[in-house]
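*Asks:* The file below is data29.csv, CSV, C-alpha atoms:
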```
chain,number,residue,atom,x,y,z
A,1,MET,CA,201.4,-42.9,69.8
A,2,LYS,CA,201.7,-41.2,73.2
A,3,TYR,CA,200.6,-37.9,71.7
A,4,SER,CA,197.6,-39.4,69.9
A,5,ILE,CA,196.4,-41.0,73.2
A,6,LEU,CA,196.8,-37.7,75.0
A,7,ILE,CA,194.8,-35.9,72.3
A,8,LEU,CA,192.1,-38.6,72.4
A,9,SER,CA,191.8,-38.4,76.2
A,10,LEU,CA,191.5,-34.6,76.0
A,11,CYS,CA,188.7,-35.0,73.4
A,12,ALA,CA,186.9,-37.4,75.7
A,13,THR,CA,186.3,-34.8,78.4
A,14,PRO,CA,182.7,-35.3,79.5
A,15,VAL,CA,180.2,-32.7,78.5
A,16,LEU,CA,178.3,-31.3,81.5
A,17,ALA,CA,174.9,-29.7,81.4
A,18,ASP,CA,172.7,-28.3,84.2
A,19,VAL,CA,169.2,-29.6,84.3
A,20,ASN,CA,166.9,-27.4,86.3
A,21,ILE,CA,164.1,-28.7,88.3
A,22,SER,CA,161.4,-26.1,88.9
A,23,GLY,CA,158.1,-26.3,90.8
A,24,SER,CA,155.7,-24.2,92.7
A,25,VAL,CA,153.2,-24.7,95.5
A,26,GLU,CA,149.8,-23.5,94.5
A,27,ALA,CA,146.6,-23.2,96.5
A,28,LYS,CA,144.7,-26.4,96.0
A,29,CYS,CA,142.4,-28.6,98.0
A,30,ILE,CA,142.1,-32.4,97.8
A,31,ILE,CA,139.2,-34.2,99.3
A,32,GLN,CA,139.7,-37.9,100.2
A,33,THR,CA,137.1,-40.3,101.4
A,34,ASP,CA,139.0,-42.1,104.1
A,35,THR,CA,136.3,-44.3,105.6
A,36,GLY,CA,132.9,-45.1,104.2
A,37,GLY,CA,130.2,-45.1,106.8
A,38,VAL,CA,127.8,-47.8,107.9
A,39,TYR,CA,124.6,-47.5,109.7
A,40,GLY,CA,124.0,-49.6,112.7
A,41,ASN,CA,120.5,-50.5,113.7
A,42,PRO,CA,120.5,-50.6,117.6
A,43,THR,CA,116.8,-50.4,117.9
A,44,ALA,CA,114.0,-50.9,115.4
A,45,THR,CA,113.4,-47.2,115.0
A,46,LYS,CA,116.9,-46.0,114.8
A,47,LEU,CA,119.8,-46.1,112.3
A,48,SER,CA,123.1,-44.6,113.5
A,49,THR,CA,126.7,-44.4,112.4
A,50,LEU,CA,127.9,-44.3,116.0
A,51,PRO,CA,130.2,-47.2,116.9
A,52,ALA,CA,128.2,-47.6,120.2
A,53,ASP,CA,125.1,-48.3,118.0
A,54,GLY,CA,127.0,-50.8,115.8
A,55,GLY,CA,127.8,-48.3,113.0
A,56,VAL,CA,130.9,-46.9,111.4
A,57,ILE,CA,131.4,-43.1,111.2
A,58,PRO,CA,132.4,-41.9,107.7
A,59,ILE,CA,135.7,-39.9,107.7
A,60,VAL,CA,136.8,-37.5,105.0
A,61,ARG,CA,140.3,-36.1,104.7
A,62,TYR,CA,141.0,-32.6,103.4
A,63,ASP,CA,144.5,-31.7,102.2
A,64,VAL,CA,145.2,-28.0,101.6
A,65,ALA,CA,148.6,-26.8,100.2
A,66,VAL,CA,148.3,-23.2,101.4
A,67,ALA,CA,146.8,-21.9,104.6
A,68,ASN,CA,143.6,-19.8,104.6
A,69,TYR,CA,142.6,-20.4,101.0
A,70,TYR,CA,139.8,-22.8,101.6
A,71,THR,CA,136.8,-23.5,103.7
A,72,ALA,CA,135.7,-27.1,104.4
A,73,LYS,CA,131.9,-27.4,104.3
A,74,ILE,CA,130.5,-30.7,105.5
A,75,THR,CA,126.8,-31.6,105.4
A,76,HIS,CA,125.4,-34.6,107.2
A,77,PRO,CA,122.5,-36.4,105.6
A,78,SER,CA,119.0,-35.1,106.0
A,79,ALA,CA,117.3,-37.7,103.8
A,80,PHE,CA,118.0,-41.2,102.5
A,81,SER,CA,119.2,-41.3,98.9
A,82,SER,CA,117.7,-44.8,98.6
A,83,SER,CA,115.6,-46.8,101.0
A,84,PRO,CA,112.5,-48.9,101.1
A,85,THR,CA,109.2,-47.0,100.9
A,86,LEU,CA,108.8,-45.0,104.1
A,87,THR,CA,105.3,-43.8,105.1
A,88,ASP,CA,106.3,-41.6,108.1
A,89,THR,CA,108.8,-38.9,108.6
A,90,VAL,CA,112.4,-39.4,109.6
A,91,ALA,CA,114.1,-37.2,112.1
A,92,TRP,CA,117.8,-36.6,111.4
A,93,THR,CA,120.6,-35.5,113.7
A,94,GLY,CA,124.3,-35.2,112.9
A,95,VAL,CA,127.6,-33.8,114.0
A,96,SER,CA,130.8,-33.1,112.1
A,97,SER,CA,134.1,-32.7,114.0
A,98,VAL,CA,137.8,-33.0,113.6
A,99,ALA,CA,139.0,-36.6,113.9
A,100,GLN,CA,142.7,-36.4,113.2
A,101,THR,CA,145.3,-33.8,112.2
A,102,THR,CA,148.8,-33.5,110.9
A,103,VAL,CA,149.4,-30.2,112.7
A,104,ALA,CA,148.5,-29.7,116.3
A,105,GLY,CA,146.9,-26.3,115.7
A,106,MET,CA,144.2,-27.8,113.6
A,107,ALA,CA,142.5,-29.1,116.7
A,108,ALA,CA,141.2,-25.6,117.1
A,109,TYR,CA,139.0,-26.0,114.0
A,110,ASP,CA,136.4,-27.6,116.2
A,111,ALA,CA,136.1,-24.6,118.5
A,112,ALA,CA,135.9,-22.2,115.6
A,113,LYS,CA,133.5,-24.2,113.4
A,114,VAL,CA,130.2,-22.7,112.3
A,115,VAL,CA,127.1,-24.9,112.3
A,116,TYR,CA,124.0,-24.0,110.4
A,117,GLY,CA,121.3,-26.5,109.7
A,118,SER,CA,122.9,-29.8,108.8
A,119,THR,CA,126.1,-28.0,107.5
A,120,THR,CA,129.3,-27.3,109.4
A,121,ASN,CA,131.9,-24.9,108.1
A,122,PHE,CA,135.6,-25.3,109.1
A,123,ASN,CA,138.0,-22.5,108.0
A,124,LEU,CA,141.2,-24.3,106.9
A,125,THR,CA,143.7,-21.8,108.3
A,126,ILE,CA,146.6,-24.2,108.4
A,127,ALA,CA,148.3,-26.0,105.5
A,128,GLY,CA,148.3,-29.8,105.8
A,129,SER,CA,145.8,-32.6,106.3
A,130,THR,CA,142.7,-32.8,108.5
A,131,TRP,CA,140.4,-35.7,108.9
A,132,PHE,CA,136.8,-34.9,109.7
A,133,LYS,CA,134.2,-37.3,110.9
A,134,THR,CA,130.5,-36.9,110.4
A,135,ALA,CA,128.2,-38.9,112.6
A,136,SER,CA,124.5,-39.1,111.8
A,137,THR,CA,121.4,-40.7,113.2
A,138,ALA,CA,118.0,-41.3,111.7
A,139,THR,CA,114.9,-41.9,113.8
A,140,TYR,CA,111.7,-43.1,112.2
A,141,GLY,CA,108.2,-41.9,113.0
A,142,VAL,CA,107.0,-42.3,116.6
A,143,GLY,CA,107.8,-45.7,117.8
A,144,LYS,CA,107.7,-47.1,114.3
A,145,ALA,CA,110.2,-49.7,113.1
A,146,PHE,CA,112.2,-49.0,109.9
A,147,PRO,CA,111.0,-51.4,107.2
A,148,GLY,CA,113.5,-54.1,106.2
A,149,GLY,CA,115.8,-53.3,103.3
A,150,SER,CA,118.8,-51.3,102.3
A,151,TYR,CA,119.3,-47.7,103.3
A,152,THR,CA,121.8,-45.2,101.8
A,153,ALA,CA,122.5,-41.6,102.7
A,154,VAL,CA,125.1,-39.1,101.4
A,155,VAL,CA,127.5,-36.9,103.3
A,156,GLN,CA,128.5,-33.9,101.2
A,157,ALA,CA,132.1,-32.8,101.7
A,158,GLU,CA,132.9,-29.5,100.0
A,159,CYS,CA,136.0,-27.5,99.7
A,160,ILE,CA,135.3,-23.9,98.8
A,161,ALA,CA,137.9,-21.3,97.8
A,162,ASN,CA,137.7,-18.3,100.1
B,1,MET,CA,154.5,-30.6,101.2
B,2,LEU,CA,154.2,-34.3,100.7
B,3,TRP,CA,151.0,-36.2,101.1
B,4,THR,CA,150.7,-39.9,101.0
B,5,SER,CA,148.9,-41.1,97.9
B,6,SER,CA,145.3,-42.2,98.3
B,7,LEU,CA,143.0,-44.1,96.1
B,8,THR,CA,140.0,-42.0,97.0
B,9,ALA,CA,140.8,-38.3,96.2
B,10,HIS,CA,139.2,-35.6,94.2
B,11,GLU,CA,141.3,-32.6,93.2
B,12,MET,CA,140.6,-29.6,91.1
B,13,THR,CA,142.9,-26.7,90.1
B,14,PRO,CA,143.5,-23.8,89.9
B,15,ALA,CA,141.8,-22.3,93.0
B,16,TYR,CA,141.8,-18.9,91.4
B,17,PRO,CA,141.7,-19.5,87.6
B,18,LYS,CA,142.5,-16.8,85.1
B,19,ILE,CA,139.7,-15.5,83.0
B,20,LYS,CA,140.8,-15.6,79.3
B,21,SER,CA,139.2,-14.4,76.2
B,22,SER,CA,137.7,-17.0,73.9
B,23,TYR,CA,137.3,-17.3,70.2
B,24,VAL,CA,133.7,-16.2,70.6
B,25,SER,CA,133.0,-12.5,71.0
B,26,GLY,CA,131.4,-11.7,74.4
B,27,VAL,CA,132.4,-15.0,75.9
B,28,VAL,CA,135.3,-15.7,78.2
B,29,LYS,CA,137.1,-19.0,78.8
B,30,VAL,CA,138.3,-20.6,82.1
B,31,GLU,CA,140.8,-23.4,81.9
B,32,MET,CA,140.4,-26.0,84.6
B,33,SER,CA,141.9,-29.4,85.5
B,34,ILE,CA,140.4,-32.2,87.5
B,35,PHE,CA,142.2,-35.2,88.9
B,36,ASN,CA,140.3,-38.3,90.0
B,37,TYR,CA,141.8,-40.6,92.5
B,38,ARG,CA,138.4,-41.7,93.7
B,39,SER,CA,138.1,-45.4,92.6
B,40,ASP,CA,134.4,-45.2,93.5
B,41,VAL,CA,133.6,-42.3,91.2
B,42,LYS,CA,133.8,-41.9,87.4
B,43,TYR,CA,131.7,-38.8,86.8
B,44,TYR,CA,131.9,-35.3,88.0
B,45,GLN,CA,129.4,-32.6,87.4
B,46,VAL,CA,130.5,-29.0,86.5
B,47,ASP,CA,128.5,-26.1,87.9
B,48,VAL,CA,128.9,-22.3,88.1
B,49,PHE,CA,127.3,-20.4,90.9
B,50,ASP,CA,126.9,-16.8,92.1
B,51,ILE,CA,127.7,-15.6,95.6
B,52,ASP,CA,124.3,-16.9,96.8
B,53,TRP,CA,124.8,-20.3,95.3
B,54,LYS,CA,122.3,-19.7,92.5
B,55,LYS,CA,123.2,-21.3,89.2
B,56,VAL,CA,124.9,-19.1,86.5
B,57,PRO,CA,124.6,-20.2,82.9
B,58,PHE,CA,127.8,-21.5,81.3
B,59,SER,CA,128.9,-23.9,78.6
B,60,THR,CA,131.4,-26.7,78.5
B,61,GLN,CA,131.9,-29.7,76.3
B,62,TYR,CA,130.5,-32.1,78.9
B,63,LYS,CA,128.6,-30.8,82.0
B,64,VAL,CA,129.1,-34.3,83.5
B,65,LEU,CA,132.7,-35.2,82.9
B,66,LYS,CA,133.9,-38.8,82.8
B,67,VAL,CA,137.2,-39.0,84.5
B,68,LYS,CA,138.7,-42.4,84.9
B,69,HIS,CA,140.4,-43.4,88.1
B,70,SER,CA,143.9,-41.9,88.4
B,71,GLU,CA,143.4,-39.7,85.4
B,72,ARG,CA,143.5,-36.0,84.9
B,73,ASN,CA,141.0,-34.2,82.7
B,74,ASN,CA,141.6,-30.7,81.5
B,75,PHE,CA,138.4,-28.9,80.6
B,76,ASN,CA,137.3,-25.4,79.5
B,77,VAL,CA,134.3,-23.5,80.8
B,78,TYR,CA,132.8,-20.7,78.7
B,79,ILE,CA,130.9,-17.9,80.4
B,80,ARG,CA,129.2,-14.9,78.8
B,81,LYS,CA,130.8,-11.7,79.8
B,82,THR,CA,127.4,-10.5,81.0
B,83,ASP,CA,127.1,-13.5,83.3
B,84,LEU,CA,130.7,-13.3,84.5
B,85,LYS,CA,129.9,-10.3,86.7
B,86,ARG,CA,127.9,-12.6,89.0
B,87,ALA,CA,129.8,-15.8,88.5
B,88,VAL,CA,131.7,-16.6,91.7
B,89,TYR,CA,132.2,-20.3,92.2
B,90,LEU,CA,133.1,-22.9,89.6
B,91,CYS,CA,132.6,-26.3,91.1
B,92,THR,CA,133.0,-30.0,90.3
B,93,THR,CA,130.9,-32.5,92.3
B,94,SER,CA,131.3,-36.2,92.3
B,95,LYS,CA,128.4,-38.4,91.2
B,96,VAL,CA,128.3,-41.2,93.7
B,97,LYS,CA,126.7,-44.5,93.1
B,98,LYS,CA,125.3,-47.0,95.5
B,99,GLN,CA,127.8,-49.5,96.9
B,100,VAL,CA,127.4,-52.8,98.6
B,101,GLY,CA,128.2,-52.7,102.3
B,102,VAL,CA,128.5,-48.9,102.5
B,103,ASN,CA,125.4,-47.0,103.4
B,104,THR,CA,126.8,-43.6,104.1
B,105,LEU,CA,128.3,-42.3,100.8
B,106,VAL,CA,130.5,-39.2,100.5
B,107,SER,CA,129.9,-36.8,97.7
B,108,SER,CA,132.8,-34.4,97.3
B,109,ARG,CA,132.7,-31.0,95.8
B,110,ILE,CA,135.6,-28.6,95.1
B,111,CYS,CA,134.9,-25.0,94.1
B,112,SER,CA,137.3,-22.5,92.7
B,113,ARG,CA,136.7,-18.7,92.7
B,114,LEU,CA,136.1,-16.8,89.6
B,115,ASP,CA,135.6,-13.3,91.0
B,116,GLY,CA,139.2,-12.6,91.7
B,117,ALA,CA,138.7,-12.4,95.4
B,118,ARG,CA,141.6,-13.9,97.4
B,119,PRO,CA,142.3,-14.3,101.1
```
For this file, produce the structure as structure tokens.
*Replies:*
Amino acid sequence: MKYSILILSLCATPVLADVNISGSVEAKCIIQTDTGGVYGNPTATKLSTLPADGGVIPIVRYDVAVANYYTAKITHPSAFSSSPTLTDTVAWTGVSSVAQTTVAGMAAYDAAKVVYGSTTNFNLTIAGSTWFKTASTATYGVGKAFPGGSYTAVVQAECIAN
Amino acid sequence: MLWTSSLTAHEMTPAYPKIKSSYVSGVVKVEMSIFNYRSDVKYYQVDVFDIDWKKVPFSTQYKVLKVKHSERNNFNVYIRKTDLKRAVYLCTTSKVKKQVGVNTLVSSRICSRLDGARP
């Protein structure tokens, strides 16, 4: 009996196997819409996303896994995508800038940004997350009030492989 | 690197896709993958551009992809070898729709590079 128990216990030796976990970090970019913007209407002729004007500035977050592989290209609106009928021209202004970072060095993106027309380019030279805010203001005609109704504009956030 | 999950993200990989031969002579294939975490977006448009952002002809099953929230969609893009010489960017752009209470929408576009250039 003793021998049979000993033999059985030997047979019950656990079988061990190695399970490998493999992975890799590849260059990729993720664009996240952090905050949707809202236009405030501080005067009859002006719509603005600035908090001082009663608006909310849209914020977009870029995540890049590897440094130097992508350029963030953010374009502020230069027209309404939907609005009541407008009979006069609308003058647009806008600014894109760094709002928040996960790495202190990303604050330098603002100084190195390239602005052309309504587009701002930020070279994403550091891996991690960066939040960009894009303020925009629309001013209608000369002393004309915006007609009542709903207005929508689009901020284009692009992540272009270098 | 660990990022917190978000309900509003657009991701496309790879950044530098491999150009593969296809079953059609004179046509190459590019295998791409898009991940939609944007709850406000269901459709993404596929485009191919040259270095000057002019459109380059290509073919794919759907030029506007339907990608449900939190889903990944693998898709192939077919480009003629004659057009591949000038094809530089392969992009997906979110198709935003009007929302109540938000009047500055964000359209996201991610572009990969097809010309083999790397930083």
*Asks:* Please return, as a list in words, all residues of chain B lying within 6 Å of chain A when only C-alpha atoms are considered.
*Replies:*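 Listing them in order of chain and number gives Thr8, Ala9, His10, Glu11, Ala15, Val102, Asn103, Thr104, Leu105, Val106, Ser107, Ser108, Arg109, Ile110, Cys111, Ser112 and Arg113 of chain B.
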*Asks:* Do you know which residues are at most 10 Å from Tyr109 (chain A) counting all atoms listed in the file, after dropping those on the same chain fewer than 6 positions away, and could you put them as a list in words?
*Replies:*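 Listing them by chain and then by number gives Ser97, Val98, Asn121, Phe122, Asn123, Leu124, Thr125, Ile126 and Thr130 of chain A.
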*Asks:* One number please: CA of Val67 (chain B) to CA of Lys29 (chain B), in Å, one decimal.
*Replies:*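 Between CA of Val67 (chain B) and CA of Lys29 (chain B) the gap works out to 20.8 Å.
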*Asks:* What is the distance, in Å and to one decimal place, between CA of Ser96 (chain A) and CA of Gly54 (chain A)?
*Replies:*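 Taking CA of Ser96 (chain A) and CA of Gly54 (chain A), their separation equals 18.5 Å.
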*Asks:* Using only C-alpha atoms, pick whichever of B:Ala117, B:Val88, B:Ile51, B:Val96 has the shortest atom-to-atom distance to Arg38 (chain B).
*Replies:*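 Ranking B:Ala117, B:Val88, B:Ile51, B:Val96 by distance to Arg38 (chain B), first place goes to B:Val96.
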*Asks:* For a test of reading the model, state the distance in Å between CA of Arg86 (chain B) and CA of Tyr43 (chain B), rounded to one decimal.
*Replies:*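 It comes out at 26.6 Å.
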*Asks:* Between B:Asp47, B:Ser59, B:Lys54, B:Pro119, single out the one closest to Ile79 (chain B), counting all atoms listed in the file.
*Replies:*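 For Ile79 (chain B), the nearest of the given residues is B:Ser59.
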*Asks:* Residues near Lys63 (chain B), anyone? I mean within 12 Å using only C-alpha atoms, not counting same-chain ones fewer than 3 positions away, as a list in words.
*Replies:*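 Residues meeting the cut-off are Tyr43, Tyr44, Gln45, Val46, Asp47, Val48, Pro57, Phe58, Ser59, Thr60, Lys66, Phe75, Asn76, Val77, Tyr78, Leu90, Cys91, Thr92, Thr93, Ser94 and Lys95 of chain B.
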*Asks:* Kindly indicate which residue among B:Thr13, B:Phe49, B:Lys81, B:Gln61 lies nearest to Met32 (chain B), using all atoms listed in the file for the distances.
*Replies:*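 Of B:Thr13, B:Phe49, B:Lys81, B:Gln61, the one nearest Met32 (chain B) is B:Thr13, counting all atoms listed in the file.
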*Asks:* Using only C-alpha atoms, can you tell me which of A:Val95, A:Val90, A:Gln100, A:Ala108 comes closest to Thr120 (chain A)?
*Replies:* A:Val95
*Asks:* Pick the closest to Thr137 (chain A) from A:Thr45, A:Trp92, A:Asp53, A:Ser78: which is it, counting all atoms listed in the file?
*Replies:*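 Once distances to Thr137 (chain A) are computed over all atoms listed in the file, the minimum belongs to A:Trp92.
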*Asks:* Pick out the residues sitting within 8 Å of Ile19 (chain B), and hand them over as a list in words; count all atoms listed in the file, and ignore anything fewer than 5 positions along from it in its own chain.
*Replies:*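 Once the nearby chain positions are removed, what remains is Val28, Lys29, Val30 and Leu114 of chain B.
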*Asks:* What lies within 7 Å of Lys68 (chain B) using all atoms listed in the file, ignoring chain neighbours under 2 positions off, as a list in words?
*Replies:*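 With the cut-off at 7 Å, the set is Asn36, Lys42, Lys66, Ser70 and Glu71 of chain B.
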*Asks:* Restrict the selected residues to C-alpha atoms and save them as a PDB file, in the frame of the given file.
*Replies:*
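What follows is the written file again.pdb:
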```pdb
ATOM      1  CA  ASN B  36     140.300 -38.300  90.000  1.00  0.00           C
ATOM      2  CA  LYS B  42     133.800 -41.900  87.400  1.00  0.00           C
ATOM      3  CA  LYS B  66     133.900 -38.800  82.800  1.00  0.00           C
ATOM      4  CA  SER B  70     143.900 -41.900  88.400  1.00  0.00           C
ATOM      5  CA  GLU B  71     143.400 -39.700  85.400  1.00  0.00           C
TER       6      GLU B  71
END
```
